[in-house]
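Listing of model-v1.cif; format and content: mmCIF, C-alpha atoms.
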```cif
data_coords
#
loop_
_atom_site.label_atom_id
_atom_site.label_comp_id
_atom_site.auth_asym_id
_atom_site.auth_seq_id
_atom_site.Cartn_x
_atom_site.Cartn_y
_atom_site.Cartn_z
CA MET A 945 0.00 0.00 0.00
CA MET A 946 1.22 3.47 -0.87
CA VAL A 947 1.79 5.51 2.27
CA GLY A 948 0.80 9.10 1.76
CA GLU A 949 0.85 12.11 3.98
CA GLU A 950 -2.69 11.47 5.05
CA THR A 951 -2.18 7.88 6.20
CA THR A 952 -3.02 7.33 9.82
CA ARG A 953 -1.57 4.31 11.57
CA PHE A 954 -2.50 2.92 14.94
CA VAL A 955 -2.66 -0.36 16.82
CA LEU A 956 -5.30 -1.86 19.07
CA GLN A 957 -4.35 -4.59 21.52
CA LEU A 958 -7.52 -6.41 22.53
CA PRO A 959 -8.17 -9.01 25.22
CA SER A 960 -9.54 -12.33 24.09
CA ASP A 961 -13.06 -11.45 25.16
CA LEU A 962 -15.99 -11.37 22.75
CA ARG A 963 -17.58 -8.59 24.76
CA ILE A 964 -14.91 -6.12 23.68
CA ILE A 965 -15.53 -6.60 19.97
CA GLU A 966 -18.52 -4.31 19.62
CA ALA A 967 -16.71 -1.40 21.25
CA ALA A 968 -13.57 -2.02 19.20
CA VAL A 969 -15.51 -2.12 15.93
CA THR A 970 -17.50 0.97 16.87
CA TYR A 971 -14.22 2.80 17.51
CA LEU A 972 -12.79 1.66 14.17
CA VAL A 973 -15.98 2.74 12.39
CA SER A 974 -15.68 6.19 13.93
CA ARG A 975 -12.05 6.47 12.75
CA CYS A 976 -13.11 5.50 9.23
CA ARG A 977 -15.94 8.05 9.29
CA ALA A 978 -13.34 10.76 9.82
CA PHE A 979 -12.01 9.82 6.37
CA ALA A 980 -15.51 10.02 4.86
CA PHE A 981 -16.17 6.30 4.79
CA GLY A 982 -19.89 5.76 5.04
CA GLY A 983 -23.03 4.05 3.85
CA SER A 984 -23.19 0.32 3.41
CA ARG A 985 -19.46 0.11 2.73
CA LEU A 986 -18.89 1.14 6.31
CA ASN A 987 -21.99 -0.08 8.09
CA LEU A 988 -22.19 -3.47 6.43
CA ASN A 989 -18.96 -4.42 4.69
CA PHE A 990 -16.51 -2.98 7.21
CA ARG A 991 -18.53 -3.49 10.37
CA VAL A 992 -19.48 -7.10 9.71
CA GLY A 993 -16.20 -8.08 8.05
CA VAL A 994 -14.06 -6.76 10.89
CA THR A 995 -16.42 -8.11 13.56
CA GLU A 996 -16.12 -11.57 12.05
CA ALA A 997 -12.31 -11.34 11.85
CA LEU A 998 -12.05 -10.28 15.49
CA ALA A 999 -14.52 -12.93 16.66
CA ASN A 1000 -12.55 -15.62 14.80
CA ALA A 1001 -9.31 -14.41 16.36
CA VAL A 1002 -10.80 -14.47 19.86
CA LEU A 1003 -12.79 -17.69 19.60
CA TYR A 1004 -10.76 -19.89 17.30
CA GLY A 1005 -7.33 -18.30 17.26
CA ASN A 1006 -6.91 -17.57 20.95
CA GLN A 1007 -9.59 -20.02 22.18
CA SER A 1008 -10.89 -17.18 24.38
CA ASP A 1009 -7.78 -17.58 26.51
CA PRO A 1010 -7.61 -14.52 28.79
CA GLY A 1011 -3.82 -14.80 28.69
CA LYS A 1012 -3.78 -14.06 24.97
CA THR A 1013 -4.45 -10.90 23.02
CA VAL A 1014 -5.58 -9.92 19.54
CA ARG A 1015 -3.48 -7.28 17.85
CA VAL A 1016 -5.16 -5.05 15.25
CA GLU A 1017 -2.82 -2.94 13.12
CA VAL A 1018 -4.63 -0.25 11.17
CA ALA A 1019 -3.54 1.97 8.28
CA LEU A 1020 -6.21 4.42 7.20
CA ASP A 1021 -6.25 6.97 4.41
CA PRO A 1022 -8.93 8.61 2.28
CA SER A 1023 -8.92 5.79 -0.25
CA ARG A 1024 -8.76 2.66 1.88
CA VAL A 1025 -8.45 1.05 5.25
CA VAL A 1026 -6.03 -1.80 5.79
CA LEU A 1027 -6.22 -3.93 8.91
CA ARG A 1028 -4.02 -6.73 10.04
CA VAL A 1029 -5.62 -8.91 12.70
CA VAL A 1030 -3.14 -11.13 14.53
CA ASP A 1031 -3.96 -13.73 17.14
CA GLN A 1032 -1.65 -15.82 19.30
CA GLY A 1033 -2.99 -19.17 18.25
CA GLU A 1034 -1.54 -22.03 16.26
CA GLY A 1035 -3.23 -20.91 13.06
CA PHE A 1036 -5.46 -22.82 10.68
CA ASP A 1037 -5.94 -23.59 7.01
CA PRO A 1038 -8.52 -21.15 5.60
CA SER A 1039 -9.02 -23.36 2.56
CA SER A 1040 -10.30 -26.14 4.83
CA VAL A 1041 -13.43 -24.23 5.81
CA PRO A 1042 -16.39 -25.57 3.80
CA ASP A 1043 -18.58 -23.31 1.69
CA PRO A 1044 -21.61 -22.52 3.88
CA THR A 1045 -23.78 -21.71 0.87
CA LEU A 1046 -23.76 -25.27 -0.46
CA PRO A 1047 -27.17 -26.93 -0.01
CA ASP A 1048 -25.80 -29.55 2.41
CA ASN A 1049 -24.29 -26.84 4.61
CA LEU A 1050 -27.15 -24.34 4.72
CA ASP A 1051 -28.67 -25.99 7.79
CA ARG A 1052 -25.44 -25.71 9.76
CA ALA A 1053 -25.39 -23.22 12.59
CA GLY A 1054 -21.74 -22.27 12.11
CA GLY A 1055 -19.18 -21.72 9.39
CA ARG A 1056 -20.24 -18.38 7.89
CA GLY A 1057 -17.70 -16.02 9.43
CA LEU A 1058 -14.84 -16.55 7.02
CA PHE A 1059 -17.23 -16.59 4.09
CA LEU A 1060 -18.63 -13.20 5.07
CA ILE A 1061 -15.15 -11.74 5.50
CA ARG A 1062 -14.28 -12.80 1.95
CA GLU A 1063 -17.54 -11.57 0.50
CA LEU A 1064 -17.54 -8.20 2.23
CA MET A 1065 -13.90 -7.10 2.26
CA ASP A 1066 -12.08 -6.19 -0.97
CA GLU A 1067 -8.91 -8.08 -0.12
CA VAL A 1068 -8.39 -10.90 2.36
CA GLU A 1069 -5.01 -12.51 2.83
CA TYR A 1070 -3.94 -14.94 5.53
CA ASN A 1071 -0.35 -15.50 6.51
CA GLU A 1072 1.17 -18.91 5.99
CA CYS A 1073 0.11 -20.45 9.28
CA GLY A 1074 -3.27 -18.73 9.43
CA ASN A 1075 -2.97 -16.74 12.65
CA ALA A 1076 -2.88 -13.36 10.95
CA VAL A 1077 -5.16 -11.90 8.31
CA ARG A 1078 -4.78 -8.75 6.23
CA LEU A 1079 -8.05 -7.08 5.29
CA VAL A 1080 -8.49 -4.23 2.85
CA LEU A 1081 -11.60 -2.20 2.21
CA LEU A 1082 -11.58 0.53 -0.41
CA ARG A 1083 -13.66 3.53 0.45
CA ASP A 1084 -15.20 4.02 -2.98
CA ALA A 1085 -14.74 0.81 -4.95
CA PRO A 1086 -17.73 -0.45 -6.93
CA GLN A 1087 -19.56 -2.84 -4.67
CA ARG A 1088 -19.88 -6.50 -5.54
CA ARG A 1089 -22.80 -6.46 -3.18
CA GLN A 1090 -24.44 -3.10 -2.64
CA ALA A 1091 -27.27 -2.79 -0.21
CA SER A 1092 -28.01 0.81 -1.02
CA VAL A 1093 -26.82 3.47 -3.41
CA GLU A 1094 -25.12 6.45 -1.77
CA MET B 959 -29.65 -4.69 22.79
CA SER B 960 -32.74 -6.60 23.86
CA PHE B 961 -35.38 -9.07 22.84
CA GLN B 962 -39.01 -8.22 23.56
CA THR B 963 -41.52 -11.04 23.35
CA SER B 964 -45.23 -10.63 22.74
CA LYS B 965 -48.09 -12.60 21.28
CA GLU B 966 -50.24 -11.60 18.31
CA ASN B 967 -52.94 -13.79 16.75
CA GLY B 968 -51.44 -16.90 18.31
CA VAL B 969 -47.95 -16.06 17.09
CA VAL B 970 -45.01 -15.46 19.40
CA VAL B 971 -43.38 -12.28 18.16
CA VAL B 972 -39.81 -11.45 19.17
CA ASP B 973 -38.60 -7.92 18.49
CA VAL B 974 -34.83 -7.67 18.19
CA ASP B 975 -33.60 -4.27 19.32
CA GLY B 976 -30.04 -3.37 18.44
CA GLN B 977 -27.94 -6.24 17.15
CA LEU B 978 -28.03 -10.00 16.97
CA ILE B 979 -24.44 -11.01 17.51
CA VAL B 980 -22.17 -13.51 19.21
CA GLY B 981 -22.60 -11.74 22.52
CA ASN B 982 -26.38 -12.00 22.77
CA ARG B 983 -27.47 -14.79 20.45
CA GLN B 984 -27.85 -17.25 23.34
CA GLU B 985 -30.40 -14.98 24.95
CA LEU B 986 -32.57 -15.01 21.83
CA LYS B 987 -32.15 -18.76 21.49
CA GLN B 988 -33.23 -19.37 25.06
CA LYS B 989 -36.27 -17.10 24.80
CA VAL B 990 -37.55 -18.90 21.74
CA LEU B 991 -36.74 -22.38 23.07
CA ASP B 992 -38.57 -21.58 26.30
CA GLU B 993 -41.66 -20.68 24.29
CA LEU B 994 -41.27 -23.79 22.15
CA GLU B 995 -41.06 -25.97 25.24
CA GLY B 996 -44.16 -24.20 26.53
CA GLY B 997 -46.08 -25.48 23.51
CA GLU B 998 -45.90 -22.49 21.18
CA ARG B 999 -45.46 -23.39 17.51
CA LYS B 1000 -45.73 -20.14 15.57
CA PHE B 1001 -42.85 -17.68 15.74
CA LEU B 1002 -42.07 -14.37 14.12
CA ILE B 1003 -38.78 -12.54 14.62
CA ASP B 1004 -39.11 -8.87 13.77
CA PHE B 1005 -35.92 -7.01 12.80
CA ALA B 1006 -37.44 -3.55 12.37
CA ASN B 1007 -35.08 -2.14 15.02
CA THR B 1008 -32.06 -4.30 14.31
CA GLY B 1009 -28.82 -2.66 13.25
CA TYR B 1010 -26.87 -5.69 12.17
CA ILE B 1011 -26.45 -9.41 12.51
CA ASP B 1012 -23.15 -11.29 12.53
CA SER B 1013 -22.50 -14.87 11.51
CA SER B 1014 -23.30 -16.10 15.01
CA GLY B 1015 -26.64 -14.35 14.82
CA LEU B 1016 -27.33 -15.98 11.48
CA GLY B 1017 -26.30 -19.28 12.99
CA VAL B 1018 -28.72 -19.04 15.87
CA LEU B 1019 -31.55 -18.27 13.45
CA VAL B 1020 -30.65 -21.39 11.46
CA SER B 1021 -30.53 -23.45 14.63
CA LEU B 1022 -33.90 -22.14 15.81
CA SER B 1023 -35.45 -22.71 12.41
CA LYS B 1024 -34.40 -26.33 12.56
CA LYS B 1025 -35.65 -26.91 16.10
CA ILE B 1026 -38.97 -25.23 15.40
CA ARG B 1027 -39.48 -27.28 12.25
CA GLU B 1028 -38.62 -30.48 14.13
CA GLN B 1029 -41.44 -29.67 16.56
CA GLY B 1030 -43.88 -29.08 13.74
CA GLY B 1031 -43.75 -25.33 14.10
CA GLU B 1032 -43.17 -22.41 11.78
CA LEU B 1033 -40.78 -19.47 11.87
CA ARG B 1034 -41.02 -16.23 9.92
CA LEU B 1035 -38.64 -13.29 9.76
CA ALA B 1036 -39.78 -9.74 9.02
CA ASN B 1037 -38.53 -6.21 8.44
CA LEU B 1038 -34.99 -6.90 7.35
CA ASN B 1039 -33.40 -3.65 6.18
CA GLU B 1040 -31.36 -3.63 2.98
CA ASP B 1041 -28.08 -4.41 4.68
CA LEU B 1042 -29.55 -7.35 6.56
CA ARG B 1043 -31.19 -8.63 3.39
CA THR B 1044 -27.78 -8.52 1.74
CA LEU B 1045 -26.36 -10.77 4.46
CA PHE B 1046 -29.15 -13.29 3.95
CA GLU B 1047 -28.70 -13.20 0.18
CA LEU B 1048 -24.92 -13.52 0.35
CA THR B 1049 -25.17 -16.56 2.59
CA LYS B 1050 -28.14 -17.95 0.63
CA LEU B 1051 -30.14 -18.02 3.83
CA ASP B 1052 -32.86 -16.15 2.01
CA THR B 1053 -33.67 -19.57 0.50
CA LEU B 1054 -33.96 -21.18 3.92
CA PHE B 1055 -36.17 -18.66 5.68
CA ASN B 1056 -39.62 -17.29 5.04
CA ILE B 1057 -38.89 -13.53 5.01
CA ALA B 1058 -41.66 -10.96 4.95
CA ASP B 1059 -41.44 -7.26 4.23
CA SER B 1060 -43.63 -6.36 7.16
CA ARG B 1061 -44.89 -7.70 10.46
CA GLN B 1062 -48.46 -7.71 9.12
CA GLU B 1063 -47.49 -9.68 6.05
CA ALA B 1064 -45.65 -12.20 8.20
CA LEU B 1065 -48.54 -12.63 10.65
CA ALA B 1066 -51.01 -13.07 7.81
CA SER B 1067 -48.91 -15.81 6.27
CA PHE B 1068 -49.32 -18.27 9.13
#
```
Translate the structure of the given file into structure tokens.
Amino acid sequence: MMVGEETTRFVLQLPSDLRIIEAAVTYLVSRCRAFAFGGSRLNLNFRVGVTEALANAVLYGNQSDPGKTVRVEVALDPSRVVLRVVDQGEGFDPSSVPDPTLPDNLDRAGGRGLFLIRELMDEVEYNECGNAVRLVLLRDAPQRRQASVE
Amino acid sequence: MSFQTSKENGVVVVDVDGQLIVGNRQELKQKVLDELEGGERKFLIDFANTGYIDSSGLGVLVSLSKKIREQGGELRLANLNEDLRTLFELTKLDTLFNIADSRQEALASF
């Protein structure tokens, strides 16, 4: 990513507690709003995508272990937001998660988090062992899925 | 965030205020299961005041749908805003649930 003068960088260090996620995402949303992110890109794509990534890091990465943290590295500029979510777990193979939209899987209660991250964020890239994910959302890219026109 | 339960025309209506997410999905599940165990068979979940749903929230709706069906009951969803509809369409859950545009339409469909 090109780093311009207007790029803001910061880091959140979160406990492995699901209850903190809402506040963390609300804070991140407010930071994005300052760069004129808005509409469904922010309220659906970003909010849900990041919530899912944090929940996965807490629940599956860190196994909700209070001794572990989730690190969120953020780079924000007027054109995009880039987040790197890092947990302290062993990692996993993202390609091993079944497609929840297949007819045989629709009735399953779980398995939609990773799918939603991929559908809602513009770029999703896991590191080799699967305990860190880089997410990119462009502020103004044409939406693959647009809930409302701004 | 809260879940208000009421009864209209023999249907248990649950209004979801705020969000349906990993932190509160168990509460919704328990409320509906309690009603199911009490003999209720018609359920409507109204999302008119719901901001967003995460994958755990979707999961609990799938789980409830299955349990209600197994007991010979019916579940309807109503008042999904455009963003929520997008989530259901993305995950193809719009093919699994009976989704109405309004509470009245949902109640009339039972």
Select from chain B every residue with an atom at most 10 Å from any atom of chain A, then for each give the shortest pair of atoms and their distance in Å to one decimal, using only C-alpha atoms, rows by chain and rising number, as JSON lines.
```
{"residue": "B:Gln977", "atom": "CA", "partner": "A:Glu966", "partner_atom": "CA", "distance": 9.9}
{"residue": "B:Ile979", "atom": "CA", "partner": "A:Glu966", "partner_atom": "CA", "distance": 9.2}
{"residue": "B:Val980", "atom": "CA", "partner": "A:Leu962", "partner_atom": "CA", "distance": 7.4}
{"residue": "B:Gly981", "atom": "CA", "partner": "A:Arg963", "partner_atom": "CA", "distance": 6.3}
{"residue": "B:Asn982", "atom": "CA", "partner": "A:Arg963", "partner_atom": "CA", "distance": 9.6}
{"residue": "B:Gly1009", "atom": "CA", "partner": "A:Asn987", "partner_atom": "CA", "distance": 8.9}
{"residue": "B:Tyr1010", "atom": "CA", "partner": "A:Leu988", "partner_atom": "CA", "distance": 7.7}
{"residue": "B:Ile1011", "atom": "CA", "partner": "A:Val992", "partner_atom": "CA", "distance": 7.9}
{"residue": "B:Asp1012", "atom": "CA", "partner": "A:Val992", "partner_atom": "CA", "distance": 6.2}
{"residue": "B:Ser1013", "atom": "CA", "partner": "A:Gly1057", "partner_atom": "CA", "distance": 5.4}
{"residue": "B:Ser1014", "atom": "CA", "partner": "A:Gly1054", "partner_atom": "CA", "distance": 7.0}
{"residue": "B:Gly1015", "atom": "CA", "partner": "A:Ala1053", "partner_atom": "CA", "distance": 9.2}
{"residue": "B:Leu1016", "atom": "CA", "partner": "A:Ala1053", "partner_atom": "CA", "distance": 7.6}
{"residue": "B:Gly1017", "atom": "CA", "partner": "A:Ala1053", "partner_atom": "CA", "distance": 4.1}
{"residue": "B:Val1018", "atom": "CA", "partner": "A:Ala1053", "partner_atom": "CA", "distance": 6.3}
{"residue": "B:Leu1019", "atom": "CA", "partner": "A:Ala1053", "partner_atom": "CA", "distance": 7.9}
{"residue": "B:Val1020", "atom": "CA", "partner": "A:Ala1053", "partner_atom": "CA", "distance": 5.7}
{"residue": "B:Ser1021", "atom": "CA", "partner": "A:Ala1053", "partner_atom": "CA", "distance": 5.5}
{"residue": "B:Leu1022", "atom": "CA", "partner": "A:Ala1053", "partner_atom": "CA", "distance": 9.2}
{"residue": "B:Ser1023", "atom": "CA", "partner": "A:Asp1051", "partner_atom": "CA", "distance": 8.8}
{"residue": "B:Lys1024", "atom": "CA", "partner": "A:Asp1051", "partner_atom": "CA", "distance": 7.5}
{"residue": "B:Asn1039", "atom": "CA", "partner": "A:Ala1091", "partner_atom": "CA", "distance": 8.9}
{"residue": "B:Glu1040", "atom": "CA", "partner": "A:Ala1091", "partner_atom": "CA", "distance": 5.3}
{"residue": "B:Asp1041", "atom": "CA", "partner": "A:Ala1091", "partner_atom": "CA", "distance": 5.2}
{"residue": "B:Leu1042", "atom": "CA", "partner": "A:Leu988", "partner_atom": "CA", "distance": 8.3}
{"residue": "B:Arg1043", "atom": "CA", "partner": "A:Ala1091", "partner_atom": "CA", "distance": 7.9}
{"residue": "B:Thr1044", "atom": "CA", "partner": "A:Ala1091", "partner_atom": "CA", "distance": 6.1}
{"residue": "B:Leu1045", "atom": "CA", "partner": "A:Leu1060", "partner_atom": "CA", "distance": 8.1}
{"residue": "B:Glu1047", "atom": "CA", "partner": "A:Arg1089", "partner_atom": "CA", "distance": 9.6}
{"residue": "B:Leu1048", "atom": "CA", "partner": "A:Glu1063", "partner_atom": "CA", "distance": 7.6}
{"residue": "B:Thr1049", "atom": "CA", "partner": "A:Thr1045", "partner_atom": "CA", "distance": 5.6}
{"residue": "B:Lys1050", "atom": "CA", "partner": "A:Thr1045", "partner_atom": "CA", "distance": 5.8}
{"residue": "B:Leu1051", "atom": "CA", "partner": "A:Leu1050", "partner_atom": "CA", "distance": 7.0}
{"residue": "B:Thr1053", "atom": "CA", "partner": "A:Leu1050", "partner_atom": "CA", "distance": 9.1}
{"residue": "B:Leu1054", "atom": "CA", "partner": "A:Leu1050", "partner_atom": "CA", "distance": 7.5}
```
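You will find atom CA of A:Leu1020 at 6.4 Å from atom CA of A:Arg953.
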message: Quick one: residues within 7 Å of stretch 960-969 of chain B, all atoms listed in the file, excluding same-chain residues fewer than 5 positions away - as a PyMOL selection string?
response: chain B and resi 974-976+986+1000-1002
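When all atoms listed in the file are used to measure the gap to A:Glu1017, the shortest distance among A:Val1030, A:Val1068, A:Arg1062, A:Gly1005 belongs to A:Val1030.
Evaluated on this file, the PyMOL selection byres ((chain B and resi 1036) around 6) matches B:Asp1004, B:Leu1035, B:Asn1037, B:Leu1038, B:Ile1057, B:Ala1058, B:Asp1059, B:Ser1060, B:Arg1061.
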query: Contacts of A:Arg1015 at 10 Å or less, counting only C-alpha atoms, minus same-chain residues fewer than 6 places along, as a ChimeraX atom specification?
result: /A:955-959,998,1001,1027-1032,1076
field: Near-A:Leu1082 list (12 Å; only C-alpha atoms; drop same-chain fewer than 5 positions) as a PyMOL selection string
entry: chain A and resi 945+976+979-982+985-986+989-990+1019-1027+1064-1067+1087
Residues from the last selection, C-alpha atoms, saved as a PDB file, keeping the file's coordinate frame:
```
ATOM      1  CA  MET A 945       0.000   0.000   0.000  1.00  0.00           C
ATOM      2  CA  CYS A 976     -13.110   5.500   9.230  1.00  0.00           C
ATOM      3  CA  PHE A 979     -12.010   9.820   6.370  1.00  0.00           C
ATOM      4  CA  ALA A 980     -15.510  10.020   4.860  1.00  0.00           C
ATOM      5  CA  PHE A 981     -16.170   6.300   4.790  1.00  0.00           C
ATOM      6  CA  GLY A 982     -19.890   5.760   5.040  1.00  0.00           C
ATOM      7  CA  ARG A 985     -19.460   0.110   2.730  1.00  0.00           C
ATOM      8  CA  LEU A 986     -18.890   1.140   6.310  1.00  0.00           C
ATOM      9  CA  ASN A 989     -18.960  -4.420   4.690  1.00  0.00           C
ATOM     10  CA  PHE A 990     -16.510  -2.980   7.210  1.00  0.00           C
ATOM     11  CA  ALA A1019      -3.540   1.970   8.280  1.00  0.00           C
ATOM     12  CA  LEU A1020      -6.210   4.420   7.200  1.00  0.00           C
ATOM     13  CA  ASP A1021      -6.250   6.970   4.410  1.00  0.00           C
ATOM     14  CA  PRO A1022      -8.930   8.610   2.280  1.00  0.00           C
ATOM     15  CA  SER A1023      -8.920   5.790  -0.250  1.00  0.00           C
ATOM     16  CA  ARG A1024      -8.760   2.660   1.880  1.00  0.00           C
ATOM     17  CA  VAL A1025      -8.450   1.050   5.250  1.00  0.00           C
ATOM     18  CA  VAL A1026      -6.030  -1.800   5.790  1.00  0.00           C
ATOM     19  CA  LEU A1027      -6.220  -3.930   8.910  1.00  0.00           C
ATOM     20  CA  LEU A1064     -17.540  -8.200   2.230  1.00  0.00           C
ATOM     21  CA  MET A1065     -13.900  -7.100   2.260  1.00  0.00           C
ATOM     22  CA  ASP A1066     -12.080  -6.190  -0.970  1.00  0.00           C
ATOM     23  CA  GLU A1067      -8.910  -8.080  -0.120  1.00  0.00           C
ATOM     24  CA  GLN A1087     -19.560  -2.840  -4.670  1.00  0.00           C
TER      25      GLN A1087
END
```
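We find atom CA of A:Val1077 and atom CA of A:Asn1006 to be spaced 14.0 Å apart.
With atom CA of A:Val994 on one side and atom CA of B:Arg983 on the other, the separation reads 18.3 Å.
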Where's the centre, and what are the edge lengths in Å to one decimal, of a box along x, y and z enclosing all listed atoms of stretch 1028-1039 of chain B padded 5 Å per side, as AutoDock Vina command-line options?
```
--center_x -38.6 --center_y -17.1 --center_z 11.4 --size_x 20.5 --size_y 36.8 --size_z 20.4
```
query: Of the candidates B:Ala1066, B:Asn1056, B:Ala1006, B:Ile1026, which one gets nearest to B:Glu993 if we count all atoms listed in the file?
result: B:Ile1026
